[in-house]
Every structure is written in C-alpha cells, then in structure tokens.
Amino acid sequence: MGIRLIVLGSGSAGNATLIEGGGARVLLDAGFSSRELTARLQAVGAEPHRLDAVLVTHEHADHVRGASLFSRTWRVPVYCTAKTLRAASLDRQGIHRHEPLEAGTPFTLGDLAITPFAVPHDAVDTVGFTFETDGSRLGYATDLGHPAEAVRECLRHCDLLMLESNHDVDMVRDGPYPEVVKERVLGRHGHLDNEAAAGLACETAGHRTRGVVLLHLSRTNNRPDVALEAWRRRFARDGRRAPELHAAAQERPSAWFDA
Ligand SMILES: [Zn+2]
Ligand SMILES: [Zn+2]
C-alpha cells in the first residue's frame, strides 16, 4: 500500500487535501469552514474523528480558515510551525493540540514519513511537504512566488506531484485586478504561474513521476484548459511526454489519486 489522496477543493476560496498512507490519515490545509471540511470529508467516505493530523502550510485564510474549530470539534492535533500558529491566531482561537514542525525536520505519523520544506511566499513561514511510505513519494507545494532551487531539490523523485499552477501571466496583466494586487500575484513571493509551474515540474519530474495534480488555479486569471495546455506545451518544448495532468477544482473534490 502506498499513498492515496483526494483534493477536497483548491483555489483562493479554500484549500484542503486528504492524504492516506502508512496507516496515517492527514488533512493537508483546512481552508474551508469546519462545517464545509466535515461535509467534504464525509462526502468522500472519510470520518473526521479518525484523522491523525491537520497539517497547515501557512496562515492565509484559504489554508487555515476552519483549522481551529475543526481541530476542537474532532479532537485532531494541528501540525504547523510556531510562527504560523501565532500568525494564524490558532493559539488564541484554541485548537485540540499543537504539534510544532520545522522546515527541514522530518517526522512520522504511523509509517508515513513527512518532510516540511520552506517555500518563498508572502506569509511568515510557509512550507511545502513531501510524504513517503513503502516506496511511494508524494510532493506538495502551493503558494510559492518562484521555483526556488531548494524547492526543486525537495520535489525530486516523486511518483506524484501536487503543484500550484495559479495564473496565466497575460490574463493577470490584462485582467481586472488593481495594479498593487497584480504586482503581488506576479512577484517573487506571490503565486506560481502556469509556465513557471510547468517548468518546475519539467525539471523535477523524473521517470517515476506518473502524474501531476495542478492546484490553486485562479478563477479570474486562469482556466483549466489554459493551464493544462501551457503544461503540455512546456513538456513538448523539452521533447518530453507530460505525465498525467489533472486540474483540481474549487467547488468539488477531485478523483482519488495514487502516489
Ligand atoms: Zn492560497
Ligand atoms: Zn498564501
């Protein structure tokens, strides 16, 4: 048994993914209300009280909105860095229990090895994760401004990648956002565009990378067909066959994926 996962929803209105492997079940980010998280978990056949952890990548609301109430309601510990705990006010709102984590320091839940790593984003201490068990390896990175070398290193040799593919650069430039927001999105600590995300995957995807799930697609500045086309073009330019590509949606859970 390797790792399997289902994206409960992804985008600027909320992010959450259920990951199972090595006898552990974790909710990765809790960016919907506790009620919505519960409903989406139950809709995919998961029981919230049987989760071992809620992992939080950073303090932005679309990743942490339901974490406090969900943790208390279902008595699930929250794993995040000490800085993120404070920045998200989770210490004041109250959670069932806090388990501190640190970029670069691996830990295990059951037989699932989890390694947080730092990613460049405009939050206090943003992390991505890799998950490994029984020869399967999954990499997760969303909300990053640019594909830093350290991030590339962490994402190598994954069977499955989950990567932000936030926007099409031209759609942002020509779109309705105020200039200051455009600068933030396009900046080195904002969000990863389709081209950069595909380039990152192209450089890190080895022969064992079977699939990529595209995350955090902007509703205003991206479309699934635009993103997928950019990815296929990027791989074709390198003379490579793209892995299986899927774009996660905001409104509904994805299919199950195996890593
Ligand atoms: Zn986000
Ligand atoms: Zn963010």
# chains A, B, ... in the order shown; residues from 1 in each chain; ligands from 1
>>> residues_near_ligand(ligand="ligand 2", cutoff="9 Å", atoms="only C-alpha atoms and all ligand atoms", output="ChimeraX atom specification")
/A:12,57-63,121-123,126,142-144,190-191
>>> write_last_selection(atoms="C-alpha atoms", output="short mmCIF file (atom, residue, chain, number, x, y, z; two decimals), in the first residue's frame")
data_model
loop_
_atom_site.label_atom_id
_atom_site.label_comp_id
_atom_site.auth_asym_id
_atom_site.auth_seq_id
_atom_site.Cartn_x
_atom_site.Cartn_y
_atom_site.Cartn_z
CA SER A 12 -8.18 31.19 -3.42
CA THR A 57 1.19 25.22 5.29
CA HIS A 58 0.76 28.90 6.25
CA GLU A 59 -1.57 31.42 7.86
CA HIS A 60 -3.53 32.70 4.85
CA ALA A 61 -7.26 32.17 5.36
CA ASP A 62 -7.66 29.98 2.28
CA HIS A 63 -5.42 27.43 4.08
CA HIS A 121 5.66 33.22 -0.23
CA ASP A 122 4.35 36.37 1.47
CA ALA A 123 3.48 34.66 4.76
CA THR A 126 5.32 28.94 4.52
CA THR A 142 1.37 25.54 -3.31
CA ASP A 143 1.52 29.27 -2.68
CA LEU A 144 5.04 29.97 -3.85
CA GLY A 190 3.22 35.68 -4.67
CA HIS A 191 1.93 32.78 -6.72
#
>>> select_by_dssp(residues="segment 1-239 of chain A", states="strand (DSSP E or B)", output="JSON, numbers by chain")
{"A": [3, 4, 5, 6, 7, 8, 9, 16, 17, 18, 19, 20, 21, 24, 25, 26, 27, 28, 53, 54, 55, 78, 79, 80, 98, 99, 100, 107, 108, 109, 112, 113, 114, 115, 116, 117, 118, 127, 128, 129, 130, 131, 132, 133, 136, 137, 138, 139, 140, 141, 160, 161, 162, 163, 164, 167, 193, 211, 212, 213, 214, 215]}
>>> write_last_selection(atoms="C-alpha atoms", output="PDB file, in the first residue's frame")
ATOM      1  CA  ILE A   3      -0.133   6.784  -0.634  1.00  0.00           C
ATOM      2  CA  ARG A   4      -3.522   7.898  -1.891  1.00  0.00           C
ATOM      3  CA  LEU A   5      -5.072  11.321  -1.811  1.00  0.00           C
ATOM      4  CA  ILE A   6      -8.071  13.345  -2.782  1.00  0.00           C
ATOM      5  CA  VAL A   7      -8.191  17.128  -3.174  1.00  0.00           C
ATOM      6  CA  LEU A   8     -11.304  18.285  -1.307  1.00  0.00           C
ATOM      7  CA  GLY A   9     -11.059  21.648  -3.054  1.00  0.00           C
ATOM      8  CA  ALA A  16      -7.785  21.123   1.650  1.00  0.00           C
ATOM      9  CA  THR A  17      -6.482  17.693   0.673  1.00  0.00           C
ATOM     10  CA  LEU A  18      -6.941  14.323   2.364  1.00  0.00           C
ATOM     11  CA  ILE A  19      -3.843  12.117   2.281  1.00  0.00           C
ATOM     12  CA  GLU A  20      -3.719   8.488   3.429  1.00  0.00           C
ATOM     13  CA  GLY A  21      -0.664   6.265   3.682  1.00  0.00           C
ATOM     14  CA  ALA A  24      -1.974   7.515   8.773  1.00  0.00           C
ATOM     15  CA  ARG A  25      -4.660   9.927   7.583  1.00  0.00           C
ATOM     16  CA  VAL A  26      -3.958  13.615   7.384  1.00  0.00           C
ATOM     17  CA  LEU A  27      -5.827  16.682   6.280  1.00  0.00           C
ATOM     18  CA  LEU A  28      -3.391  18.968   4.470  1.00  0.00           C
ATOM     19  CA  ALA A  53      -3.388  15.366  11.941  1.00  0.00           C
ATOM     20  CA  VAL A  54      -4.307  18.638  10.312  1.00  0.00           C
ATOM     21  CA  LEU A  55      -1.185  19.998   8.594  1.00  0.00           C
ATOM     22  CA  VAL A  78      -2.699  20.703  14.313  1.00  0.00           C
ATOM     23  CA  TYR A  79       0.828  20.422  12.895  1.00  0.00           C
ATOM     24  CA  CYS A  80       2.344  23.742  11.854  1.00  0.00           C
ATOM     25  CA  HIS A  98      -0.405  21.842  18.652  1.00  0.00           C
ATOM     26  CA  GLU A  99       2.461  19.752  17.281  1.00  0.00           C
ATOM     27  CA  PRO A 100       5.249  22.092  16.171  1.00  0.00           C
ATOM     28  CA  PHE A 107       8.690  13.433  11.282  1.00  0.00           C
ATOM     29  CA  THR A 108       6.482  10.356  11.031  1.00  0.00           C
ATOM     30  CA  LEU A 109       2.836   9.537  11.578  1.00  0.00           C
ATOM     31  CA  LEU A 112       4.181   7.860   6.826  1.00  0.00           C
ATOM     32  CA  ALA A 113       7.346   9.977   6.698  1.00  0.00           C
ATOM     33  CA  ILE A 114       6.582  13.688   6.306  1.00  0.00           C
ATOM     34  CA  THR A 115       9.176  16.348   5.488  1.00  0.00           C
ATOM     35  CA  PRO A 116       8.250  20.039   5.582  1.00  0.00           C
ATOM     36  CA  PHE A 117      10.364  22.378   3.446  1.00  0.00           C
ATOM     37  CA  ALA A 118      10.441  26.176   3.136  1.00  0.00           C
ATOM     38  CA  VAL A 127       6.104  25.261   4.000  1.00  0.00           C
ATOM     39  CA  GLY A 128       5.505  22.577   1.395  1.00  0.00           C
ATOM     40  CA  PHE A 129       5.656  18.859   2.186  1.00  0.00           C
ATOM     41  CA  THR A 130       6.851  15.548   0.886  1.00  0.00           C
ATOM     42  CA  PHE A 131       5.212  12.305   2.037  1.00  0.00           C
ATOM     43  CA  GLU A 132       6.851   8.900   1.781  1.00  0.00           C
ATOM     44  CA  THR A 133       5.920   5.361   2.663  1.00  0.00           C
ATOM     45  CA  SER A 136       5.866   5.849  -2.709  1.00  0.00           C
ATOM     46  CA  ARG A 137       6.723   9.522  -2.701  1.00  0.00           C
ATOM     47  CA  LEU A 138       4.367  12.490  -2.993  1.00  0.00           C
ATOM     48  CA  GLY A 139       5.410  16.153  -3.243  1.00  0.00           C
ATOM     49  CA  TYR A 140       3.160  19.096  -2.398  1.00  0.00           C
ATOM     50  CA  ALA A 141       3.918  22.779  -2.980  1.00  0.00           C
ATOM     51  CA  LEU A 160       3.047  12.177  -7.860  1.00  0.00           C
ATOM     52  CA  LEU A 161       3.396  15.964  -7.659  1.00  0.00           C
ATOM     53  CA  MET A 162       0.804  18.409  -6.372  1.00  0.00           C
ATOM     54  CA  LEU A 163       1.804  21.842  -7.590  1.00  0.00           C
ATOM     55  CA  GLU A 164       0.334  25.298  -7.673  1.00  0.00           C
ATOM     56  CA  HIS A 167      -2.409  32.017 -13.171  1.00  0.00           C
ATOM     57  CA  ASP A 193       2.129  30.957 -12.910  1.00  0.00           C
ATOM     58  CA  GLY A 211       1.130  12.322 -12.557  1.00  0.00           C
ATOM     59  CA  VAL A 212       0.723  15.932 -11.502  1.00  0.00           C
ATOM     60  CA  VAL A 213      -2.293  17.499  -9.819  1.00  0.00           C
ATOM     61  CA  LEU A 214      -2.482  21.233 -10.572  1.00  0.00           C
ATOM     62  CA  LEU A 215      -3.621  23.258  -7.562  1.00  0.00           C
TER      63      LEU A 215
END
>>> atom_distance(atom1="atom CA of Gly199 of chain A", atom2="atom CA of Ala249 of chain A")
21.6 Å
>>> closest_residue(among="A:Glu47, A:His216, A:Ala148, A:Ala201", to="Asp238 of chain A", atoms="only C-alpha atoms")
A:Ala201
>>> closest_residue(among="A:Arg50, A:Ala205, A:Gly31, A:Ala43", to="Ala88 of chain A", atoms="only C-alpha atoms")
A:Gly31
>>> closest_residue(among="A:Leu101, A:Cys154, A:Val76, A:Ala82", to="Leu51 of chain A", atoms="only C-alpha atoms")
A:Val76
>>> select_by_dssp(residues="segment 1-238 of chain A", states="alpha helix (DSSP H)", output="PyMOL selection string")
chain A and resi 34-43+61-64+67-74+82-87+90-93+149-154+169-174+179-186+194-204+224-237
>>> residues_around(residues="Leu37 of chain A", least_positions_apart="2", cutoff="8 Å", atoms="only C-alpha atoms", output="PyMOL selection string")
chain A and resi 8+16+30+32-35+39-41+66+70
